[in-house]
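Q: This one is structure25.csv, CSV, C-alpha atoms (C1' of nucleotides).
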```csv
chain,number,residue,atom,x,y,z
U,1,MET,CA,11.9,2.8,11.1
U,2,LYS,CA,8.5,4.4,10.8
U,3,GLU,CA,6.2,3.7,13.7
U,4,LEU,CA,3.0,1.9,13.1
U,5,LYS,CA,-0.2,3.6,13.8
U,6,GLN,CA,-3.6,2.0,13.8
U,7,ARG,CA,-6.1,4.0,11.8
U,8,SER,CA,-9.3,2.1,12.9
U,9,THR,CA,-10.4,-1.2,14.4
U,10,CYS,CA,-11.4,-2.6,11.0
U,11,SER,CA,-9.3,-5.8,10.3
U,12,ILE,CA,-8.8,-4.8,6.7
U,13,SER,CA,-7.5,-1.4,7.8
U,14,THR,CA,-5.2,-2.8,10.4
U,15,SER,CA,-3.8,-5.4,8.0
U,16,LEU,CA,-3.1,-2.6,5.6
U,17,ASP,CA,-1.4,-0.6,8.4
U,18,VAL,CA,1.2,-3.3,8.4
U,19,LEU,CA,1.2,-4.8,4.8
U,20,GLY,CA,-0.2,-1.9,2.8
U,21,ASP,CA,2.7,-0.7,0.7
U,22,LYS,CA,4.5,-1.6,-2.5
U,23,TRP,CA,7.4,-3.5,-0.9
U,24,THR,CA,6.5,-5.4,2.3
U,25,LEU,CA,4.6,-8.3,0.6
U,26,LEU,CA,7.4,-8.7,-1.9
U,27,ILE,CA,9.8,-9.7,0.9
U,28,VAL,CA,7.3,-12.3,2.1
U,29,ARG,CA,6.9,-13.4,-1.5
U,30,ASP,CA,10.6,-13.9,-1.9
U,31,ILE,CA,10.7,-16.0,1.2
U,32,VAL,CA,7.7,-18.2,0.3
U,33,PHE,CA,8.0,-18.6,-3.5
U,34,ALA,CA,11.7,-18.0,-4.2
U,35,GLY,CA,13.2,-19.6,-1.1
U,36,LYS,CA,15.2,-16.4,-0.2
U,37,SER,CA,16.3,-15.6,3.3
U,38,THR,CA,19.1,-13.0,3.3
U,39,TYR,CA,19.4,-9.3,2.8
U,40,GLY,CA,21.5,-9.8,-0.3
U,41,GLN,CA,19.0,-12.2,-1.9
U,42,PHE,CA,16.1,-9.8,-1.3
U,43,LEU,CA,18.1,-7.0,-3.0
U,44,GLN,CA,18.5,-9.1,-6.1
U,45,SER,CA,14.8,-9.3,-7.0
U,46,ALA,CA,13.5,-7.9,-10.3
U,47,GLU,CA,11.9,-4.9,-8.6
U,48,LYS,CA,15.2,-3.5,-7.3
U,49,MET,CA,14.2,-2.4,-3.8
U,50,ALA,CA,16.4,0.4,-2.4
U,51,THR,CA,18.7,-0.7,0.5
U,52,ASN,CA,17.3,1.7,3.0
U,53,ILE,CA,13.8,0.6,2.2
U,54,LEU,CA,14.7,-3.0,2.6
U,55,ALA,CA,16.4,-2.5,5.9
U,56,ASP,CA,13.4,-0.5,7.1
U,57,ARG,CA,10.8,-3.1,6.1
U,58,LEU,CA,12.8,-6.0,7.5
U,59,ALA,CA,13.0,-4.2,10.8
U,60,LEU,CA,9.3,-3.5,10.7
U,61,LEU,CA,8.4,-7.1,9.8
U,62,GLU,CA,10.5,-8.3,12.6
U,63,ALA,CA,9.0,-5.8,15.1
U,64,GLN,CA,5.5,-7.0,14.0
U,65,GLY,CA,6.4,-10.7,14.7
U,66,ILE,CA,6.0,-11.6,11.0
U,67,LEU,CA,9.6,-12.8,10.6
U,68,THR,CA,12.6,-13.6,12.7
U,69,LYS,CA,16.2,-12.7,12.2
U,70,ALA,CA,19.0,-15.1,13.1
U,71,VAL,CA,22.7,-15.4,12.4
U,72,ALA,CA,23.2,-17.8,9.5
U,73,ALA,CA,24.5,-21.3,10.1
U,74,ASP,CA,27.5,-20.9,7.9
U,75,LYS,CA,28.7,-17.3,8.4
U,76,LYS,CA,28.5,-15.0,11.4
U,77,SER,CA,28.3,-12.0,9.0
U,78,LYS,CA,25.1,-13.3,7.4
U,79,PHE,CA,21.6,-13.2,8.7
U,80,THR,CA,18.7,-15.5,7.9
U,81,TYR,CA,15.2,-14.2,7.8
U,82,ARG,CA,12.4,-16.7,8.3
U,83,LEU,CA,8.6,-16.5,8.6
U,84,THR,CA,6.8,-16.9,12.0
U,85,GLU,CA,3.3,-18.5,12.0
U,86,LYS,CA,1.9,-15.0,11.7
U,87,GLY,CA,4.0,-14.6,8.5
U,88,VAL,CA,3.0,-18.1,7.2
U,89,ASP,CA,-0.6,-16.9,7.5
U,90,ILE,CA,0.1,-14.2,4.9
U,91,VAL,CA,0.5,-16.9,2.2
U,92,PRO,CA,-3.3,-16.9,1.4
U,93,ILE,CA,-3.1,-13.2,0.8
U,94,LEU,CA,-0.2,-13.6,-1.6
U,95,VAL,CA,-2.1,-16.4,-3.5
U,96,GLU,CA,-5.0,-14.1,-4.0
U,97,PHE,CA,-2.7,-11.4,-5.4
U,98,ILE,CA,-1.2,-13.9,-7.7
U,99,LEU,CA,-4.6,-15.0,-9.0
U,100,TRP,CA,-5.9,-11.4,-9.4
U,101,GLY,CA,-2.7,-10.2,-11.2
U,102,ALA,CA,-2.6,-13.3,-13.4
U,103,LYS,CA,-6.2,-12.7,-14.5
U,104,HIS,CA,-6.2,-8.9,-14.9
U,105,GLY,CA,-2.6,-7.7,-15.2
U,106,PRO,CA,0.1,-8.0,-17.8
U,107,THR,CA,2.2,-10.6,-15.9
U,108,ILE,CA,4.1,-13.7,-16.4
U,109,VAL,CA,3.3,-16.5,-13.9
U,110,ASP,CA,5.0,-19.9,-13.7
U,111,PRO,CA,2.4,-22.1,-15.5
U,112,GLY,CA,2.9,-24.9,-13.0
U,113,LEU,CA,2.2,-22.7,-10.0
U,114,LEU,CA,-0.8,-21.1,-11.7
U,115,ALA,CA,-2.3,-24.5,-12.6
U,116,GLU,CA,-1.7,-25.7,-9.0
U,117,LEU,CA,-3.5,-22.6,-7.6
U,118,GLN,CA,-6.4,-22.8,-10.0
U,119,THR,CA,-7.1,-26.5,-9.6
U,120,GLY,CA,-6.6,-26.8,-5.8
U,121,LYS,CA,-6.1,-23.5,-4.1
U,122,GLU,CA,-6.4,-24.7,-0.5
U,123,ALA,CA,-4.0,-27.6,-1.1
U,124,ALA,CA,-1.5,-25.3,-2.7
U,125,VAL,CA,-1.7,-22.8,0.1
U,126,ALA,CA,-1.1,-25.5,2.6
U,127,LYS,CA,1.9,-26.8,0.7
U,128,TYR,CA,3.7,-23.5,0.5
U,129,GLN,CA,2.9,-22.8,4.1
U,130,GLN,CA,4.4,-26.1,5.1
U,131,LEU,CA,7.5,-25.5,3.0
U,132,ALA,CA,7.9,-22.1,4.8
U,133,ARG,CA,7.5,-23.7,8.2
U,134,GLU,CA,10.1,-26.4,7.4
U,135,LYS,CA,12.7,-23.8,6.3
U,136,ALA,CA,12.1,-21.9,9.5
U,137,LEU,CA,13.4,-24.9,11.4
U,138,THR,CA,16.8,-25.1,9.7
R,139,MET,CA,-3.1,11.4,-10.5
R,140,LYS,CA,0.2,9.5,-10.3
R,141,GLU,CA,1.0,7.4,-13.3
R,142,LEU,CA,1.2,3.6,-12.9
R,143,LYS,CA,4.5,2.0,-13.6
R,144,GLN,CA,5.1,-1.8,-13.7
R,145,ARG,CA,8.1,-2.8,-11.7
R,146,SER,CA,8.3,-6.4,-13.0
R,147,THR,CA,6.3,-9.1,-14.6
R,148,CYS,CA,5.5,-10.9,-11.4
R,149,SER,CA,1.8,-11.0,-10.8
R,150,ILE,CA,2.1,-10.1,-7.1
R,151,SER,CA,4.3,-7.1,-8.0
R,152,THR,CA,1.9,-5.9,-10.7
R,153,SER,CA,-1.1,-6.3,-8.3
R,154,LEU,CA,0.8,-4.3,-5.7
R,155,ASP,CA,1.6,-1.6,-8.3
R,156,VAL,CA,-2.2,-1.0,-8.4
R,157,LEU,CA,-3.5,-2.0,-5.0
R,158,GLY,CA,-0.4,-1.7,-2.8
R,159,ASP,CA,-1.0,1.3,-0.6
R,160,LYS,CA,-2.9,2.2,2.6
R,161,TRP,CA,-6.1,3.6,0.9
R,162,THR,CA,-7.1,1.9,-2.3
R,163,LEU,CA,-8.4,-1.3,-0.9
R,164,LEU,CA,-10.4,0.7,1.8
R,165,ILE,CA,-12.5,2.2,-1.0
R,166,VAL,CA,-13.2,-1.3,-2.4
R,167,ARG,CA,-14.0,-2.5,1.1
R,168,ASP,CA,-16.5,0.4,1.5
R,169,ILE,CA,-18.3,-0.6,-1.7
R,170,VAL,CA,-18.4,-4.3,-1.0
R,171,PHE,CA,-19.0,-4.5,2.8
R,172,ALA,CA,-20.5,-1.1,3.6
R,173,GLY,CA,-22.6,-0.6,0.5
R,174,LYS,CA,-21.1,2.8,-0.2
R,175,SER,CA,-21.0,4.4,-3.6
R,176,THR,CA,-20.4,8.1,-3.4
R,177,TYR,CA,-17.4,10.4,-2.7
R,178,GLY,CA,-19.2,11.8,0.4
R,179,GLN,CA,-19.8,8.3,1.8
R,180,PHE,CA,-16.2,7.3,1.3
R,181,LEU,CA,-15.0,10.4,3.2
R,182,GLN,CA,-17.0,9.4,6.2
R,183,SER,CA,-15.2,6.2,6.9
R,184,ALA,CA,-13.4,5.7,10.3
R,185,GLU,CA,-9.9,6.1,8.7
R,186,LYS,CA,-10.6,9.7,7.6
R,187,MET,CA,-9.1,9.7,4.1
R,188,ALA,CA,-7.9,13.1,2.9
R,189,THR,CA,-10.1,14.6,0.1
R,190,ASN,CA,-7.2,14.9,-2.4
R,191,ILE,CA,-6.1,11.3,-1.8
R,192,LEU,CA,-9.7,10.0,-2.3
R,193,ALA,CA,-10.1,11.9,-5.5
R,194,ASP,CA,-6.7,10.6,-6.8
R,195,ARG,CA,-7.5,7.0,-5.9
R,196,LEU,CA,-11.0,7.1,-7.4
R,197,ALA,CA,-9.5,8.4,-10.6
R,198,LEU,CA,-6.8,5.7,-10.5
R,199,LEU,CA,-9.3,2.9,-9.9
R,200,GLU,CA,-11.4,4.1,-12.7
R,201,ALA,CA,-8.4,4.4,-15.0
R,202,GLN,CA,-7.5,0.8,-14.1
R,203,GLY,CA,-11.0,-0.5,-14.9
R,204,ILE,CA,-11.7,-1.5,-11.4
R,205,LEU,CA,-14.6,0.8,-10.9
R,206,THR,CA,-17.0,2.9,-13.0
R,207,LYS,CA,-18.2,6.4,-12.4
R,208,ALA,CA,-21.8,7.4,-13.3
R,209,VAL,CA,-24.2,10.3,-12.6
R,210,ALA,CA,-26.5,9.2,-9.8
R,211,ALA,CA,-30.1,8.4,-10.6
R,212,ASP,CA,-31.6,10.9,-8.2
R,213,LYS,CA,-29.2,13.9,-8.5
R,214,LYS,CA,-27.1,15.3,-11.3
R,215,SER,CA,-24.6,16.7,-8.8
R,216,LYS,CA,-23.9,13.2,-7.4
R,217,PHE,CA,-21.8,10.4,-8.8
R,218,THR,CA,-22.1,6.7,-8.2
R,219,TYR,CA,-19.0,4.5,-8.1
R,220,ARG,CA,-19.5,0.8,-8.7
R,221,LEU,CA,-17.2,-2.2,-9.2
R,222,THR,CA,-16.5,-3.8,-12.5
R,223,GLU,CA,-15.8,-7.5,-12.8
R,224,LYS,CA,-12.1,-6.7,-12.3
R,225,GLY,CA,-13.1,-4.9,-9.1
R,226,VAL,CA,-15.4,-7.8,-8.0
R,227,ASP,CA,-12.4,-10.1,-8.3
R,228,ILE,CA,-10.7,-8.1,-5.5
R,229,VAL,CA,-13.2,-9.5,-2.9
R,230,PRO,CA,-11.1,-12.7,-2.2
R,231,ILE,CA,-8.1,-10.4,-1.4
R,232,LEU,CA,-10.2,-8.4,1.0
R,233,VAL,CA,-11.5,-11.6,2.7
R,234,GLU,CA,-7.9,-12.8,3.3
R,235,PHE,CA,-7.0,-9.4,4.8
R,236,ILE,CA,-10.0,-9.7,7.1
R,237,LEU,CA,-9.0,-13.2,8.2
R,238,TRP,CA,-5.4,-12.2,8.8
R,239,GLY,CA,-6.2,-9.1,10.6
R,240,ALA,CA,-8.9,-10.8,12.7
R,241,LYS,CA,-6.4,-13.5,13.7
R,242,HIS,CA,-3.3,-11.4,14.3
R,243,GLY,CA,-4.3,-7.8,14.8
R,244,PRO,CA,-6.1,-5.8,17.4
R,245,THR,CA,-9.3,-5.5,15.5
R,246,ILE,CA,-13.1,-5.6,15.8
R,247,VAL,CA,-14.8,-7.7,13.2
R,248,ASP,CA,-18.6,-8.2,12.9
R,249,PRO,CA,-19.0,-11.7,14.5
R,250,GLY,CA,-21.5,-12.7,11.9
R,251,LEU,CA,-19.2,-11.9,9.0
R,252,LEU,CA,-16.3,-13.6,10.7
R,253,ALA,CA,-18.2,-16.8,11.3
R,254,GLU,CA,-19.5,-16.8,7.8
R,255,LEU,CA,-15.9,-16.5,6.4
R,256,GLN,CA,-14.5,-19.1,8.7
R,257,THR,CA,-17.2,-21.8,8.1
R,258,GLY,CA,-17.6,-21.3,4.3
R,259,LYS,CA,-15.1,-18.9,2.8
R,260,GLU,CA,-15.9,-19.6,-0.8
R,261,ALA,CA,-19.6,-19.3,-0.4
R,262,ALA,CA,-19.2,-16.0,1.5
R,263,VAL,CA,-16.9,-14.7,-1.2
R,264,ALA,CA,-19.4,-15.6,-3.9
R,265,LYS,CA,-22.2,-14.0,-1.9
R,266,TYR,CA,-20.4,-10.6,-1.5
R,267,GLN,CA,-19.3,-10.7,-5.1
R,268,GLN,CA,-22.9,-11.3,-6.2
R,269,LEU,CA,-24.1,-8.4,-4.0
R,270,ALA,CA,-21.6,-6.1,-5.6
R,271,ARG,CA,-22.6,-7.2,-9.1
R,272,GLU,CA,-26.3,-6.6,-8.4
R,273,LYS,CA,-25.6,-3.1,-7.1
R,274,ALA,CA,-23.6,-2.3,-10.2
R,275,LEU,CA,-26.8,-2.8,-12.3
R,276,THR,CA,-28.9,-0.2,-10.5
A,277,DA,C1',-35.8,35.1,-7.6
A,278,DT,C1',-32.3,34.8,-4.4
A,279,DT,C1',-29.8,32.8,-0.9
A,280,DT,C1',-28.1,28.7,1.3
A,281,DT,C1',-26.8,24.0,1.2
A,282,DT,C1',-25.2,19.9,-0.9
A,283,DT,C1',-21.9,17.4,-3.5
A,284,DA,C1',-17.6,16.8,-5.5
A,285,DC,C1',-13.7,18.1,-6.0
A,286,DT,C1',-9.0,21.4,-6.5
A,287,DT,C1',-5.2,24.1,-4.7
A,288,DG,C1',-1.4,25.5,-1.8
A,289,DC,C1',1.9,24.2,1.3
A,290,DA,C1',4.4,21.9,5.2
A,291,DA,C1',5.8,17.4,6.6
A,292,DT,C1',6.8,12.7,5.6
A,293,DT,C1',8.5,9.1,2.7
A,294,DT,C1',11.0,7.4,-1.2
A,295,DG,C1',14.8,6.6,-4.2
A,296,DC,C1',19.5,7.0,-5.4
A,297,DA,C1',24.4,7.1,-4.4
A,298,DA,C1',27.9,6.8,-1.4
A,299,DG,C1',30.0,5.4,2.9
A,300,DC,C1',30.8,2.3,6.9
A,301,DA,C1',31.5,-1.8,10.0
A,302,DT,C1',32.1,-6.6,10.8
A,303,DT,C1',33.3,-11.1,9.2
A,304,DA,C1',35.4,-14.1,5.7
A,305,DT,C1',38.6,-15.2,2.2
A,306,DA,C1',42.9,-14.9,-0.5
I,307,DT,C1',47.8,-8.5,5.7
I,308,DA,C1',45.0,-7.0,2.1
I,309,DT,C1',40.7,-7.8,-0.4
I,310,DA,C1',36.1,-9.2,-0.7
I,311,DA,C1',31.6,-10.3,1.0
I,312,DT,C1',27.7,-9.0,3.8
I,313,DG,C1',24.5,-6.0,5.9
I,314,DC,C1',23.4,-2.1,6.7
I,315,DT,C1',23.5,3.6,7.6
I,316,DT,C1',23.7,8.3,5.9
I,317,DG,C1',22.8,12.5,3.1
I,318,DC,C1',20.0,14.6,0.0
I,319,DA,C1',16.8,15.6,-3.9
I,320,DA,C1',12.3,14.2,-5.5
I,321,DA,C1',7.9,12.5,-4.9
I,322,DT,C1',3.9,11.6,-2.0
I,323,DT,C1',1.0,12.6,1.8
I,324,DG,C1',-1.9,15.1,4.9
I,325,DC,C1',-4.1,19.2,6.3
I,326,DA,C1',-6.8,23.4,5.6
I,327,DA,C1',-9.0,26.3,2.7
I,328,DG,C1',-11.1,27.4,-1.6
I,329,DT,C1',-14.0,26.6,-5.9
I,330,DA,C1',-17.9,25.2,-8.9
I,331,DA,C1',-22.2,23.2,-10.3
I,332,DA,C1',-26.6,21.6,-8.9
I,333,DA,C1',-30.4,21.3,-5.4
I,334,DA,C1',-33.1,23.0,-1.8
I,335,DA,C1',-34.9,26.6,1.0
I,336,DT,C1',-36.7,31.1,1.6
```
Just dump the structure as structure tokens.
A:
Amino acid sequence: MKELKQRSTCSISTSLDVLGDKWTLLIVRDIVFAGKSTYGQFLQSAEKMATNILADRLALLEAQGILTKAVAADKKSKFTYRLTEKGVDIVPILVEFILWGAKHGPTIVDPGLLAELQTGKEAAVAKYQQLAREKALT
Amino acid sequence: MKELKQRSTCSISTSLDVLGDKWTLLIVRDIVFAGKSTYGQFLQSAEKMATNILADRLALLEAQGILTKAVAADKKSKFTYRLTEKGVDIVPILVEFILWGAKHGPTIVDPGLLAELQTGKEAAVAKYQQLAREKALT
DNA sequence: ATTTTTTACTTGCAATTTGCAAGCATTATA
DNA sequence: TATAATGCTTGCAAATTGCAAGTAAAAAAT
């Protein structure tokens, strides 16, 4: 796992030190918007993350206190990854990426989600944050 | 300049295809919050971006229609980089990175800016977007 | 007029990171 | 007891990054 180095004291820069790559936020996305929680589920996403990259990023996110790793309730050979409060606080960032991509990129967004975000962003953010918190308790 | 490839149709993923690295958003930050506009000014930031990386990212951002490059008003040997509307729409993303970093990271944020963002996020976003638009006209 | 400086890059190369394929270890199922 | 599921680890080539030096056009200084 690559070690984290802080490039400056700027909060945008330090956020990018942790989240600034092509894969990390996709894991958080999968937890928040796709209800995923296991290594195998993350691997099945459309972007086809490599197994070593996934393992590296999960370890990094855990080390940063963004998610927790626990043995699954049903199987001892399975692990469940959930968001901490620090992770739940990433939801607003994801929402802004959704809105920017939907407006300016060649993307397909669930129309229900998009409408929800465009008509009441704060309420939608709060809703998905609460859903993530509730899953973290199971 | 590395070519852009779209990994999926997810709007978060396509946004990360363009903005998901450690440097790109720092350039946008420097334009929006530090009033910078030239290659030399971007190089002077605290994070010390390498010259080849800066040149690559500026070309990529221009190719993506996020910023424009124009000969400076005072000198023919100088270029001025400004945000397009697509670039101005990145401001909300930057704001969420500021808030997340300020809350969870070891950072130093201008207290005035932080208070402004925490008390009236939407108004602050609109203000910095308008400032960027006005500079783009000069 | 000529040299020096400013400004914006480009180039070469070593080091790091990524991406792909295969292998391994533990637990669960047949 | 063998097979499958699950979560990784390893090896290696390819791509990207980071550092230092070099280049080219325009501006300023002499």
Q: Would you work out the distance separating atom CA of U:Leu117 from atom CA of U:Leu99, expressed in Å to one decimal?
A: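 Taking atom CA of U:Leu117 as the start and atom CA of U:Leu99 as the end point, the length is 7.8 Å.
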Q: Out of R:Lys140, R:Arg220, R:Arg145, R:Lys265, which residue has the shortest atom-to-atom distance to chain U when counting all atoms listed in the file?
A: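 For chain U, the nearest of the given residues is R:Arg145.
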Q: If you measure from atom CA of U:Thr84 to atom CA of U:Lys121, what distance in Å do you get, rounded to one decimal?
A: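 Answer for the atom CA of U:Thr84 to atom CA of U:Lys121 separation: 21.7 Å.
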Q: I need the chain R residues near chain A as an mmCIF file with C-alpha atoms, keeping the file's coordinate frame; criterion: at most 9 Å, counting only C-alpha atoms (C1' of nucleotides).
A:
```cif
data_model
loop_
_atom_site.group_PDB
_atom_site.id
_atom_site.type_symbol
_atom_site.label_atom_id
_atom_site.label_comp_id
_atom_site.auth_asym_id
_atom_site.auth_seq_id
_atom_site.Cartn_x
_atom_site.Cartn_y
_atom_site.Cartn_z
ATOM 1 C CA TYR R 177 -17.400 10.400 -2.700
ATOM 2 C CA GLY R 178 -19.200 11.800 0.400
ATOM 3 C CA THR R 189 -10.100 14.600 0.100
ATOM 4 C CA ASN R 190 -7.200 14.900 -2.400
ATOM 5 C CA ALA R 193 -10.100 11.900 -5.500
ATOM 6 C CA SER R 215 -24.600 16.700 -8.800
ATOM 7 C CA LYS R 216 -23.900 13.200 -7.400
ATOM 8 C CA PHE R 217 -21.800 10.400 -8.800
#
```
Q: Hey, list the chain I side of the contact with chain U: 12 Å cut-off, all atoms listed in the file, answer as a PyMOL selection string.
A: chain I and resi 311-316
Q: Could you work out how far atom CA of R:Asp159 lies from atom C1' of I:DA327, giving the answer in Å with one decimal?
A: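 Atom-to-atom, atom C1' of I:DA327 to atom CA of R:Asp159, that is 26.5 Å.
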Q: Could you tell me which residues of chain U sit within 8 Å of chain R when counting all atoms listed in the file, and give me the result as a PDB file with C-alpha atoms, keeping the file's coordinate frame?
A:
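Here's the written file out01.pdb:
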```
ATOM      1  CA  ARG U   7      -6.100   4.000  11.800  1.00  0.00           C
ATOM      2  CA  SER U   8      -9.300   2.100  12.900  1.00  0.00           C
ATOM      3  CA  THR U   9     -10.400  -1.200  14.400  1.00  0.00           C
ATOM      4  CA  CYS U  10     -11.400  -2.600  11.000  1.00  0.00           C
ATOM      5  CA  SER U  11      -9.300  -5.800  10.300  1.00  0.00           C
ATOM      6  CA  ILE U  12      -8.800  -4.800   6.700  1.00  0.00           C
ATOM      7  CA  SER U  13      -7.500  -1.400   7.800  1.00  0.00           C
ATOM      8  CA  THR U  14      -5.200  -2.800  10.400  1.00  0.00           C
ATOM      9  CA  SER U  15      -3.800  -5.400   8.000  1.00  0.00           C
ATOM     10  CA  LEU U  16      -3.100  -2.600   5.600  1.00  0.00           C
ATOM     11  CA  ASP U  17      -1.400  -0.600   8.400  1.00  0.00           C
ATOM     12  CA  GLY U  20      -0.200  -1.900   2.800  1.00  0.00           C
ATOM     13  CA  ASP U  21       2.700  -0.700   0.700  1.00  0.00           C
ATOM     14  CA  LYS U  22       4.500  -1.600  -2.500  1.00  0.00           C
ATOM     15  CA  LEU U  26       7.400  -8.700  -1.900  1.00  0.00           C
ATOM     16  CA  ALA U  46      13.500  -7.900 -10.300  1.00  0.00           C
ATOM     17  CA  GLU U  47      11.900  -4.900  -8.600  1.00  0.00           C
ATOM     18  CA  LYS U  86       1.900 -15.000  11.700  1.00  0.00           C
ATOM     19  CA  ASP U  89      -0.600 -16.900   7.500  1.00  0.00           C
ATOM     20  CA  ILE U  90       0.100 -14.200   4.900  1.00  0.00           C
ATOM     21  CA  PRO U  92      -3.300 -16.900   1.400  1.00  0.00           C
ATOM     22  CA  ILE U  93      -3.100 -13.200   0.800  1.00  0.00           C
ATOM     23  CA  LEU U  94      -0.200 -13.600  -1.600  1.00  0.00           C
ATOM     24  CA  GLU U  96      -5.000 -14.100  -4.000  1.00  0.00           C
ATOM     25  CA  PHE U  97      -2.700 -11.400  -5.400  1.00  0.00           C
ATOM     26  CA  ILE U  98      -1.200 -13.900  -7.700  1.00  0.00           C
ATOM     27  CA  LEU U  99      -4.600 -15.000  -9.000  1.00  0.00           C
ATOM     28  CA  TRP U 100      -5.900 -11.400  -9.400  1.00  0.00           C
ATOM     29  CA  GLY U 101      -2.700 -10.200 -11.200  1.00  0.00           C
ATOM     30  CA  ALA U 102      -2.600 -13.300 -13.400  1.00  0.00           C
ATOM     31  CA  HIS U 104      -6.200  -8.900 -14.900  1.00  0.00           C
ATOM     32  CA  GLY U 105      -2.600  -7.700 -15.200  1.00  0.00           C
ATOM     33  CA  PRO U 106       0.100  -8.000 -17.800  1.00  0.00           C
ATOM     34  CA  THR U 107       2.200 -10.600 -15.900  1.00  0.00           C
ATOM     35  CA  ILE U 108       4.100 -13.700 -16.400  1.00  0.00           C
ATOM     36  CA  VAL U 109       3.300 -16.500 -13.900  1.00  0.00           C
TER      37      VAL U 109
END
```
